[in-house]
$ cat my_file_9.cif   # mmCIF, C-alpha atoms
data_coords
#
loop_
_atom_site.label_atom_id
_atom_site.label_comp_id
_atom_site.auth_asym_id
_atom_site.auth_seq_id
_atom_site.Cartn_x
_atom_site.Cartn_y
_atom_site.Cartn_z
CA MET A 1 37.36 -87.14 151.83
CA THR A 2 37.31 -86.02 148.22
CA SER A 3 34.35 -83.63 148.45
CA ARG A 4 34.65 -80.07 149.66
CA PRO A 5 33.17 -79.24 153.04
CA LEU A 6 29.50 -78.32 152.82
CA ILE A 7 28.24 -75.21 154.60
CA ALA A 8 24.45 -75.28 154.55
CA GLY A 9 22.15 -72.59 155.90
CA ASN A 10 18.78 -73.55 157.37
CA TRP A 11 16.74 -70.34 157.31
CA LYS A 12 13.84 -72.07 159.10
CA MET A 13 10.62 -69.98 159.32
CA ASN A 14 12.33 -66.62 158.96
CA LEU A 15 12.66 -63.67 156.56
CA ASN A 16 10.26 -62.31 153.94
CA ARG A 17 10.61 -62.39 150.16
CA GLU A 18 12.66 -59.19 149.96
CA ALA A 19 15.03 -60.21 152.75
CA ALA A 20 15.40 -63.74 151.39
CA THR A 21 16.29 -62.63 147.87
CA HIS A 22 18.63 -59.93 149.15
CA LEU A 23 20.48 -62.45 151.32
CA ALA A 24 20.71 -64.85 148.38
CA GLN A 25 22.13 -62.08 146.19
CA GLU A 26 24.80 -61.25 148.77
CA LEU A 27 25.86 -64.89 149.02
CA ALA A 28 25.77 -65.54 145.29
CA GLY A 29 28.02 -62.57 144.68
CA ALA A 30 30.53 -63.60 147.32
CA VAL A 31 31.10 -67.29 146.55
CA GLY A 32 33.49 -67.87 143.67
CA ALA A 33 34.95 -70.89 141.93
CA ALA A 34 38.05 -70.78 144.11
CA ALA A 35 36.06 -71.27 147.33
CA ALA A 36 37.34 -74.09 149.52
CA PHE A 37 33.76 -74.96 150.46
CA GLU A 38 30.42 -75.76 148.90
CA MET A 39 27.54 -73.55 150.06
CA ALA A 40 23.81 -74.28 150.12
CA VAL A 41 20.86 -72.34 151.49
CA CYS A 42 17.48 -73.74 152.54
CA PRO A 43 14.83 -71.01 152.53
CA PRO A 44 11.20 -71.38 153.64
CA ALA A 45 9.09 -73.07 150.94
CA PRO A 46 7.31 -69.90 149.72
CA TYR A 47 10.66 -68.33 148.84
CA LEU A 48 12.27 -71.27 147.05
CA VAL A 49 11.36 -70.01 143.57
CA PRO A 50 12.47 -66.37 143.97
CA VAL A 51 15.67 -67.48 145.71
CA ALA A 52 16.29 -70.03 142.93
CA GLU A 53 15.99 -67.23 140.39
CA VAL A 54 18.57 -65.16 142.26
CA LEU A 55 20.97 -68.07 142.65
CA GLY A 56 20.73 -69.18 139.03
CA GLY A 57 24.19 -69.38 137.51
CA SER A 58 25.91 -68.96 140.88
CA LEU A 59 27.86 -71.50 142.90
CA VAL A 60 25.41 -71.44 145.82
CA ALA A 61 23.12 -74.48 145.82
CA LEU A 62 19.46 -74.43 146.78
CA GLY A 63 17.93 -76.74 149.36
CA ALA A 64 14.54 -77.20 150.99
CA GLN A 65 13.69 -77.76 154.65
CA ASP A 66 11.47 -80.83 154.24
CA CYS A 67 9.65 -83.00 151.73
CA HIS A 68 6.85 -85.55 151.72
CA ALA A 69 7.60 -89.24 151.27
CA ALA A 70 5.04 -89.63 148.50
CA ALA A 71 5.70 -88.53 144.94
CA SER A 72 2.21 -87.02 144.60
CA GLY A 73 -1.31 -87.37 145.89
CA ALA A 74 -3.86 -86.10 148.41
CA HIS A 75 -1.46 -84.52 150.89
CA THR A 76 -2.76 -81.02 151.47
CA GLY A 77 -0.07 -78.57 152.49
CA ASP A 78 2.82 -80.92 151.70
CA VAL A 79 5.46 -80.68 148.98
CA SER A 80 7.02 -83.62 147.15
CA ALA A 81 10.71 -84.10 146.51
CA ALA A 82 10.01 -84.06 142.77
CA MET A 83 8.44 -80.60 143.09
CA LEU A 84 11.51 -79.37 144.95
CA HIS A 85 13.78 -80.73 142.26
CA ASP A 86 11.59 -79.09 139.64
CA VAL A 87 12.12 -75.61 141.11
CA GLY A 88 15.89 -76.03 141.31
CA CYS A 89 16.70 -77.70 144.62
CA THR A 90 19.79 -79.87 144.99
CA TYR A 91 19.41 -80.69 148.69
CA VAL A 92 16.57 -81.26 151.15
CA ILE A 93 16.80 -81.43 154.94
CA VAL A 94 14.94 -84.39 156.44
CA GLY A 95 14.52 -85.44 160.05
CA HIS A 96 15.45 -82.12 161.63
CA SER A 97 14.84 -82.26 165.38
CA GLU A 98 12.20 -79.56 165.07
CA ARG A 99 10.29 -81.77 162.63
CA ARG A 100 10.78 -84.80 164.85
CA ALA A 101 9.52 -82.86 167.88
CA ASP A 102 6.85 -80.58 166.40
CA HIS A 103 5.41 -83.12 163.96
CA GLY A 104 6.24 -86.39 165.68
CA GLU A 105 8.35 -87.68 162.80
CA THR A 106 9.81 -91.13 163.37
CA ASP A 107 13.01 -92.64 162.03
CA GLU A 108 10.89 -94.67 159.61
CA GLN A 109 9.22 -91.55 158.24
CA VAL A 110 12.57 -89.79 157.90
CA ARG A 111 13.95 -92.80 156.06
CA ALA A 112 10.99 -92.72 153.64
CA LYS A 113 11.55 -89.01 152.99
CA ALA A 114 15.25 -89.56 152.37
CA ALA A 115 14.42 -92.34 149.91
CA ALA A 116 11.91 -90.08 148.15
CA ALA A 117 14.54 -87.36 147.92
CA ARG A 118 16.98 -89.72 146.23
CA ALA A 119 14.32 -91.00 143.84
CA ALA A 120 13.70 -87.39 142.78
CA GLY A 121 17.38 -86.61 142.26
CA LEU A 122 17.92 -84.67 145.49
CA VAL A 123 20.60 -85.22 148.13
CA PRO A 124 19.00 -85.65 151.57
CA ILE A 125 20.64 -84.00 154.55
CA VAL A 126 19.56 -86.44 157.26
CA CYS A 127 19.58 -84.90 160.74
CA VAL A 128 20.29 -86.76 163.96
CA GLY A 129 20.93 -85.64 167.52
CA GLU A 130 20.15 -86.20 171.18
CA THR A 131 18.06 -84.22 173.63
CA GLU A 132 19.51 -82.74 176.79
CA ALA A 133 17.91 -85.49 178.87
CA GLN A 134 19.48 -88.16 176.68
CA ARG A 135 22.84 -86.45 176.88
CA ASP A 136 22.63 -86.22 180.68
CA ALA A 137 21.69 -89.89 180.80
CA GLY A 138 24.83 -90.79 178.85
CA THR A 139 22.92 -92.29 175.92
CA THR A 140 24.04 -89.89 173.19
CA LEU A 141 25.90 -92.48 171.10
CA ASP A 142 23.09 -95.02 171.43
CA VAL A 143 20.47 -92.46 170.37
CA VAL A 144 22.46 -91.16 167.43
CA GLY A 145 23.43 -94.64 166.30
CA ARG A 146 19.79 -95.74 166.40
CA GLN A 147 18.72 -92.68 164.40
CA ILE A 148 21.40 -93.34 161.78
CA ALA A 149 20.35 -96.99 161.48
CA GLY A 150 16.66 -96.16 161.23
CA SER A 151 16.67 -92.95 159.21
CA ILE A 152 19.01 -93.70 156.30
CA PRO A 153 17.94 -95.82 153.31
CA ASP A 154 20.20 -98.53 151.97
CA GLY A 155 22.41 -97.96 148.97
CA LEU A 156 23.41 -94.32 149.54
CA ASP A 157 26.99 -93.04 149.30
CA GLY A 158 29.04 -89.88 149.50
CA ALA A 159 27.43 -88.46 146.37
CA THR A 160 23.86 -89.14 147.48
CA LEU A 161 23.83 -88.56 151.25
CA VAL A 162 24.79 -85.93 153.81
CA VAL A 163 24.36 -86.47 157.56
CA ALA A 164 24.02 -83.61 160.04
CA TYR A 165 24.64 -84.06 163.75
CA GLU A 166 22.69 -81.45 165.71
CA PRO A 167 22.48 -81.95 169.46
CA VAL A 168 18.95 -80.78 170.20
CA TRP A 169 19.99 -78.93 173.35
CA ALA A 170 22.49 -76.81 171.39
CA ILE A 171 20.17 -75.60 168.61
CA GLY A 172 19.58 -71.88 168.97
CA THR A 173 20.69 -71.84 172.59
CA GLY A 174 24.22 -70.52 172.19
CA ARG A 175 25.52 -73.67 173.87
CA THR A 176 27.79 -76.10 172.06
CA PRO A 177 29.33 -79.45 172.97
CA THR A 178 33.03 -79.63 173.67
CA VAL A 179 35.36 -80.38 170.79
CA ASP A 180 35.96 -83.83 172.30
CA ASP A 181 32.20 -84.47 172.46
CA VAL A 182 31.76 -83.50 168.80
CA ALA A 183 34.70 -85.68 167.79
CA ALA A 184 33.29 -88.68 169.66
CA VAL A 185 29.83 -88.39 168.11
CA HIS A 186 31.09 -87.79 164.58
CA ALA A 187 33.46 -90.76 164.86
CA HIS A 188 30.54 -92.90 166.03
CA ILE A 189 28.41 -91.71 163.11
CA ARG A 190 31.20 -92.60 160.67
CA LYS A 191 31.51 -96.05 162.24
CA THR A 192 27.75 -96.60 162.13
CA LEU A 193 27.63 -95.51 158.49
CA SER A 194 30.24 -98.13 157.64
CA ALA A 195 27.61 -100.78 158.31
CA ARG A 196 25.23 -99.09 155.83
CA THR A 197 27.49 -98.15 152.93
CA ALA A 198 30.88 -99.07 151.54
CA ASP A 199 31.46 -95.35 150.94
CA ALA A 200 31.16 -94.28 154.59
CA PRO A 201 34.43 -92.28 154.35
CA GLY A 202 32.93 -90.24 151.51
CA VAL A 203 29.72 -89.23 153.29
CA ARG A 204 29.93 -85.67 154.57
CA ILE A 205 28.97 -85.32 158.24
CA LEU A 206 27.99 -81.79 159.19
CA TYR A 207 27.91 -80.33 162.68
CA GLY A 208 25.00 -78.07 163.63
CA GLY A 209 23.90 -76.36 166.81
CA SER A 210 24.81 -72.74 167.62
CA VAL A 211 27.55 -72.59 164.98
CA LYS A 212 28.81 -69.03 164.69
CA PRO A 213 31.91 -67.21 163.43
CA SER A 214 33.51 -67.28 166.87
CA ASN A 215 33.49 -71.09 167.16
CA ALA A 216 33.45 -72.22 163.52
CA VAL A 217 37.22 -72.55 163.10
CA GLU A 218 37.47 -74.83 166.14
CA LEU A 219 34.43 -76.94 165.25
CA LEU A 220 35.29 -77.36 161.58
CA ALA A 221 38.79 -78.52 162.46
CA VAL A 222 37.47 -81.55 164.37
CA ALA A 223 38.07 -84.95 162.79
CA ASN A 224 35.08 -86.24 160.78
CA VAL A 225 33.44 -82.80 160.70
CA ASP A 226 32.94 -82.16 156.99
CA GLY A 227 31.01 -78.90 157.18
CA ALA A 228 28.20 -77.26 159.11
CA LEU A 229 24.43 -76.95 159.12
CA VAL A 230 23.94 -73.38 160.31
CA GLY A 231 20.73 -71.90 161.70
CA GLY A 232 20.52 -68.35 163.02
CA ALA A 233 23.97 -67.30 161.81
CA SER A 234 22.98 -68.17 158.22
CA LEU A 235 20.48 -65.28 158.21
CA LYS A 236 23.30 -62.71 158.07
CA ALA A 237 25.54 -62.86 155.02
CA ALA A 238 28.65 -61.64 156.86
CA ASP A 239 28.30 -64.25 159.61
CA PHE A 240 27.45 -67.09 157.25
CA LEU A 241 30.34 -66.29 154.93
CA ALA A 242 32.72 -66.01 157.88
CA ILE A 243 31.70 -69.50 158.97
CA ALA A 244 32.16 -70.86 155.45
CA ARG A 245 35.56 -69.25 155.02
CA SER A 246 36.76 -70.71 158.29
CA VAL A 247 37.18 -74.08 156.58
#
$ encode --input "my_file_9.cif" --output "structure tokens"
Amino acid sequence: MTSRPLIAGNWKMNLNREAATHLAQELAGAVGAAAAFEMAVCPPAPYLVPVAEVLGGSLVALGAQDCHAAASGAHTGDVSAAMLHDVGCTYVIVGHSERRADHGETDEQVRAKAAAARAAGLVPIVCVGETEAQRDAGTTLDVVGRQIAGSIPDGLDGATLVVAYEPVWAIGTGRTPTVDDVAAVHAHIRKTLSARTADAPGVRILYGGSVKPSNAVELLAVANVDGALVGGASLKAADFLAIARSV
């Protein structure tokens, strides 16, 4: 691949304004032009603007954790992709398993959000992954393949799409799949993407799910793993930077 690995931090519903801006300052000051990775952080929506102000002029990109599929309208409590772009976002996470589970989001809804993100000039980070029951039933590849087919709009390429594989059972649990398991799923994602875009080799596929400094080197060395979507470990600058530098 021609793009640098992407290390993205999903801060989820954590931190306050002071902690969020302090973390952003630490990261902005530590990532230089010679970095072998691209870094992005996705704060909670209320902190996007103050974090954007801190990151301005730095090499750390700003992302959001979700967007609405509509460009505007009567959608109380929602935020459009255009609004996110307006406050400085480059990326937006769509289809995270917590959104799929907590809010009942379907592949079709995720696809619509990803399309809205592209229309607004954002790069969607489309999340896919199986539950523990699906893994135990041996249907991981079928589930992930179906999510890829249903959640990604047509016409995207390596410059306009990122995919994140996050096995649901590994998120925040401290458990991770084996290296062979990760390799098998990421290879299947790459193969499935080839039916959707001629630039499948250029699409970055991130691994997420209990990524931490102690396992990052091993995970990021797996074939077809082009970075990481990091949860809890992205809330501490030292841990997040250690993961990024492991590329």
$ resolve_selection --input "my_file_9.cif" --expression "the PyMOL selection byres ((chain A and resi 241) around 10)" --output "NGL selection string"
:A and (7 or 26-27 or 30-31 or 39 or 213 or 233-234 or 236-240 or 242-246)
$ write_last_selection --input "my_file_9.cif" --atoms "C-alpha atoms" --output "PDB file, keeping the file's coordinate frame"
ATOM      1  CA  ILE A   7      28.240 -75.210 154.600  1.00  0.00           C
ATOM      2  CA  GLU A  26      24.800 -61.250 148.770  1.00  0.00           C
ATOM      3  CA  LEU A  27      25.860 -64.890 149.020  1.00  0.00           C
ATOM      4  CA  ALA A  30      30.530 -63.600 147.320  1.00  0.00           C
ATOM      5  CA  VAL A  31      31.100 -67.290 146.550  1.00  0.00           C
ATOM      6  CA  MET A  39      27.540 -73.550 150.060  1.00  0.00           C
ATOM      7  CA  PRO A 213      31.910 -67.210 163.430  1.00  0.00           C
ATOM      8  CA  ALA A 233      23.970 -67.300 161.810  1.00  0.00           C
ATOM      9  CA  SER A 234      22.980 -68.170 158.220  1.00  0.00           C
ATOM     10  CA  LYS A 236      23.300 -62.710 158.070  1.00  0.00           C
ATOM     11  CA  ALA A 237      25.540 -62.860 155.020  1.00  0.00           C
ATOM     12  CA  ALA A 238      28.650 -61.640 156.860  1.00  0.00           C
ATOM     13  CA  ASP A 239      28.300 -64.250 159.610  1.00  0.00           C
ATOM     14  CA  PHE A 240      27.450 -67.090 157.250  1.00  0.00           C
ATOM     15  CA  ALA A 242      32.720 -66.010 157.880  1.00  0.00           C
ATOM     16  CA  ILE A 243      31.700 -69.500 158.970  1.00  0.00           C
ATOM     17  CA  ALA A 244      32.160 -70.860 155.450  1.00  0.00           C
ATOM     18  CA  ARG A 245      35.560 -69.250 155.020  1.00  0.00           C
ATOM     19  CA  SER A 246      36.760 -70.710 158.290  1.00  0.00           C
TER      20      SER A 246
END
$ closest_residue --input "my_file_9.cif" --among "A:Arg146, A:Leu235, A:Ala183, A:Thr140" --to "Pro43 of chain A" --atoms "all atoms listed in the file"
A:Leu235
$ atom_distance --input "my_file_9.cif" --atom1 "atom CA of Pro124 of chain A" --atom2 "atom CA of Lys212 of chain A"
23.3 Å
$ atom_distance --input "my_file_9.cif" --atom1 "atom CA of Ala36 of chain A" --atom2 "atom CA of Gly227 of chain A"
11.0 Å
$ atom_distance --input "my_file_9.cif" --atom1 "atom CA of Ala170 of chain A" --atom2 "atom CA of Gly202 of chain A"
26.2 Å
$ residues_around --input "my_file_9.cif" --residues "Gly63 of chain A" --least-positions-apart "2" --cutoff "9 Å" --atoms "all atoms listed in the file" --output "PyMOL selection string"
chain A and resi 8-10+40-43+48+61+65+84+88-93+122-123
$ closest_atom_pairs --input "my_file_9.cif" --of "segment 70-99 of chain A" --to "segment 126-131 of chain A" --cutoff "6 Å" --atoms "all atoms listed in the file" --output "CSV"
residue,atom,partner,partner_atom,distance
A:Val94,CA,A:Val126,CA,5.1
A:Gly95,CA,A:Cys127,CA,5.1
A:His96,CA,A:Cys127,CA,5.1
$ residues_around --input "my_file_9.cif" --residues "Ala112 of chain A" --least-positions-apart "6" --cutoff "12 Å" --atoms "all atoms listed in the file" --output "list of chain:residue names"
A:Asp66, A:Cys67, A:His68, A:Ala69, A:Ala70, A:Ala71, A:Ser80, A:Ala81, A:Val94, A:Gly95, A:Glu105, A:Thr106, A:Arg118, A:Ala119, A:Pro124, A:Val126, A:Gly150, A:Ser151, A:Ile152, A:Pro153, A:Asp154
$ closest_residue --input "my_file_9.cif" --among "A:Glu218, A:Ile205, A:Leu156, A:Ile148" --to "Thr192 of chain A" --atoms "only C-alpha atoms"
A:Ile148
$ residues_around --input "my_file_9.cif" --residues "Val182 of chain A" --least-positions-apart "4" --cutoff "10 Å" --atoms "all atoms listed in the file" --output "list in words"
Tyr165, Glu166, Pro167, Thr176, Pro177, Thr178, His186, Ala187, His188, Tyr207, Leu219, Val222, Ala223, Asn224 and Val225 of chain A
$ resolve_selection --input "my_file_9.cif" --expression "the PyMOL selection byres ((chain A and resi 201) around 12)" --output "PyMOL selection string"
chain A and resi 1-3+157-159+161-162+186-187+189-200+202-205+223-226
$ write_last_selection --input "my_file_9.cif" --atoms "C-alpha atoms" --output "short mmCIF file (atom, residue, chain, number, x, y, z; two decimals), in the coordinates of the input"
data_model
loop_
_atom_site.label_atom_id
_atom_site.label_comp_id
_atom_site.auth_asym_id
_atom_site.auth_seq_id
_atom_site.Cartn_x
_atom_site.Cartn_y
_atom_site.Cartn_z
CA MET A 1 37.36 -87.14 151.83
CA THR A 2 37.31 -86.02 148.22
CA SER A 3 34.35 -83.63 148.45
CA ASP A 157 26.99 -93.04 149.30
CA GLY A 158 29.04 -89.88 149.50
CA ALA A 159 27.43 -88.46 146.37
CA LEU A 161 23.83 -88.56 151.25
CA VAL A 162 24.79 -85.93 153.81
CA HIS A 186 31.09 -87.79 164.58
CA ALA A 187 33.46 -90.76 164.86
CA ILE A 189 28.41 -91.71 163.11
CA ARG A 190 31.20 -92.60 160.67
CA LYS A 191 31.51 -96.05 162.24
CA THR A 192 27.75 -96.60 162.13
CA LEU A 193 27.63 -95.51 158.49
CA SER A 194 30.24 -98.13 157.64
CA ALA A 195 27.61 -100.78 158.31
CA ARG A 196 25.23 -99.09 155.83
CA THR A 197 27.49 -98.15 152.93
CA ALA A 198 30.88 -99.07 151.54
CA ASP A 199 31.46 -95.35 150.94
CA ALA A 200 31.16 -94.28 154.59
CA GLY A 202 32.93 -90.24 151.51
CA VAL A 203 29.72 -89.23 153.29
CA ARG A 204 29.93 -85.67 154.57
CA ILE A 205 28.97 -85.32 158.24
CA ALA A 223 38.07 -84.95 162.79
CA ASN A 224 35.08 -86.24 160.78
CA VAL A 225 33.44 -82.80 160.70
CA ASP A 226 32.94 -82.16 156.99
#
$ closest_residue --input "my_file_9.cif" --among "A:Ala45, A:Leu220, A:His85, A:Pro50" --to "Leu23 of chain A" --atoms "only C-alpha atoms"
A:Pro50
$ closest_residue --input "my_file_9.cif" --among "A:Val49, A:Phe37, A:Ala149, A:Ala64" --to "Met13 of chain A" --atoms "all atoms listed in the file"
A:Ala64
$ axis_aligned_box --input "my_file_9.cif" --around "segment 171-188 of chain A" --padding-each-side "4 Å" --output "lines of an AutoDock Vina configuration file"
center_x = 27.8
center_y = -81.7
center_z = 169.2
size_x = 24.4
size_y = 30.4
size_z = 17.3
$ closest_residue --input "my_file_9.cif" --among "A:His75, A:Arg17, A:Lys12, A:Arg100" --to "Val54 of chain A" --atoms "all atoms listed in the file"
A:Arg17
$ closest_residue --input "my_file_9.cif" --among "A:Ala33, A:Ala28, A:Asp181, A:Thr21" --to "Gly138 of chain A" --atoms "only C-alpha atoms"
A:Asp181
$ build_atoms --input "my_file_9.cif" --residues "segment 136-157 of chain A" --atoms "N, CA and C atoms" --output "PDB file, in the coordinates of the input"
ATOM      1  N   ASP A 136      22.359 -86.100 179.241  1.00  0.00           N
ATOM      2  CA  ASP A 136      22.630 -86.220 180.680  1.00  0.00           C
ATOM      3  C   ASP A 136      22.586 -87.666 181.147  1.00  0.00           C
ATOM      4  N   ALA A 137      21.793 -88.476 180.437  1.00  0.00           N
ATOM      5  CA  ALA A 137      21.690 -89.890 180.800  1.00  0.00           C
ATOM      6  C   ALA A 137      22.827 -90.725 180.211  1.00  0.00           C
ATOM      7  N   GLY A 138      23.680 -90.089 179.422  1.00  0.00           N
ATOM      8  CA  GLY A 138      24.830 -90.790 178.850  1.00  0.00           C
ATOM      9  C   GLY A 138      24.486 -91.695 177.677  1.00  0.00           C
ATOM     10  N   THR A 139      23.355 -91.422 177.012  1.00  0.00           N
ATOM     11  CA  THR A 139      22.920 -92.290 175.920  1.00  0.00           C
ATOM     12  C   THR A 139      23.090 -91.660 174.538  1.00  0.00           C
ATOM     13  N   THR A 140      23.887 -90.606 174.455  1.00  0.00           N
ATOM     14  CA  THR A 140      24.040 -89.890 173.190  1.00  0.00           C
ATOM     15  C   THR A 140      24.409 -90.816 172.037  1.00  0.00           C
ATOM     16  N   LEU A 141      25.433 -91.628 172.198  1.00  0.00           N
ATOM     17  CA  LEU A 141      25.900 -92.480 171.100  1.00  0.00           C
ATOM     18  C   LEU A 141      24.852 -93.516 170.724  1.00  0.00           C
ATOM     19  N   ASP A 142      24.151 -94.047 171.712  1.00  0.00           N
ATOM     20  CA  ASP A 142      23.090 -95.020 171.430  1.00  0.00           C
ATOM     21  C   ASP A 142      21.971 -94.362 170.619  1.00  0.00           C
ATOM     22  N   VAL A 143      21.562 -93.164 171.045  1.00  0.00           N
ATOM     23  CA  VAL A 143      20.470 -92.460 170.370  1.00  0.00           C
ATOM     24  C   VAL A 143      20.847 -92.125 168.930  1.00  0.00           C
ATOM     25  N   VAL A 144      22.025 -91.555 168.763  1.00  0.00           N
ATOM     26  CA  VAL A 144      22.460 -91.160 167.430  1.00  0.00           C
ATOM     27  C   VAL A 144      22.662 -92.378 166.531  1.00  0.00           C
ATOM     28  N   GLY A 145      23.237 -93.413 167.077  1.00  0.00           N
ATOM     29  CA  GLY A 145      23.430 -94.640 166.300  1.00  0.00           C
ATOM     30  C   GLY A 145      22.104 -95.237 165.853  1.00  0.00           C
ATOM     31  N   ARG A 146      21.115 -95.219 166.745  1.00  0.00           N
ATOM     32  CA  ARG A 146      19.790 -95.740 166.400  1.00  0.00           C
ATOM     33  C   ARG A 146      19.130 -94.888 165.322  1.00  0.00           C
ATOM     34  N   GLN A 147      19.292 -93.568 165.409  1.00  0.00           N
ATOM     35  CA  GLN A 147      18.720 -92.680 164.400  1.00  0.00           C
ATOM     36  C   GLN A 147      19.375 -92.898 163.034  1.00  0.00           C
ATOM     37  N   ILE A 148      20.686 -93.076 163.034  1.00  0.00           N
ATOM     38  CA  ILE A 148      21.400 -93.340 161.780  1.00  0.00           C
ATOM     39  C   ILE A 148      20.886 -94.643 161.167  1.00  0.00           C
ATOM     40  N   ALA A 149      20.787 -95.687 161.978  1.00  0.00           N
ATOM     41  CA  ALA A 149      20.350 -96.990 161.480  1.00  0.00           C
ATOM     42  C   ALA A 149      18.922 -96.944 160.949  1.00  0.00           C
ATOM     43  N   GLY A 150      18.063 -96.169 161.610  1.00  0.00           N
ATOM     44  CA  GLY A 150      16.660 -96.160 161.230  1.00  0.00           C
ATOM     45  C   GLY A 150      16.275 -95.132 160.201  1.00  0.00           C
ATOM     46  N   SER A 151      17.080 -94.085 160.037  1.00  0.00           N
ATOM     47  CA  SER A 151      16.670 -92.950 159.210  1.00  0.00           C
ATOM     48  C   SER A 151      17.294 -92.924 157.821  1.00  0.00           C
ATOM     49  N   ILE A 152      18.290 -93.763 157.567  1.00  0.00           N
ATOM     50  CA  ILE A 152      19.010 -93.700 156.300  1.00  0.00           C
ATOM     51  C   ILE A 152      18.701 -94.908 155.439  1.00  0.00           C
ATOM     52  N   PRO A 153      18.226 -94.691 154.214  1.00  0.00           N
ATOM     53  CA  PRO A 153      17.940 -95.820 153.310  1.00  0.00           C
ATOM     54  C   PRO A 153      19.224 -96.547 152.921  1.00  0.00           C
ATOM     55  N   ASP A 154      19.056 -97.765 152.462  1.00  0.00           N
ATOM     56  CA  ASP A 154      20.200 -98.530 151.970  1.00  0.00           C
ATOM     57  C   ASP A 154      20.649 -97.986 150.622  1.00  0.00           C
ATOM     58  N   GLY A 155      21.910 -98.237 150.301  1.00  0.00           N
ATOM     59  CA  GLY A 155      22.410 -97.960 148.970  1.00  0.00           C
ATOM     60  C   GLY A 155      22.886 -96.546 148.719  1.00  0.00           C
ATOM     61  N   LEU A 156      22.939 -95.689 149.749  1.00  0.00           N
ATOM     62  CA  LEU A 156      23.410 -94.320 149.540  1.00  0.00           C
ATOM     63  C   LEU A 156      24.927 -94.254 149.737  1.00  0.00           C
ATOM     64  N   ASP A 157      25.537 -93.195 149.195  1.00  0.00           N
ATOM     65  CA  ASP A 157      26.990 -93.040 149.300  1.00  0.00           C
ATOM     66  C   ASP A 157      27.324 -91.568 149.440  1.00  0.00           C
TER      67      ASP A 157
END
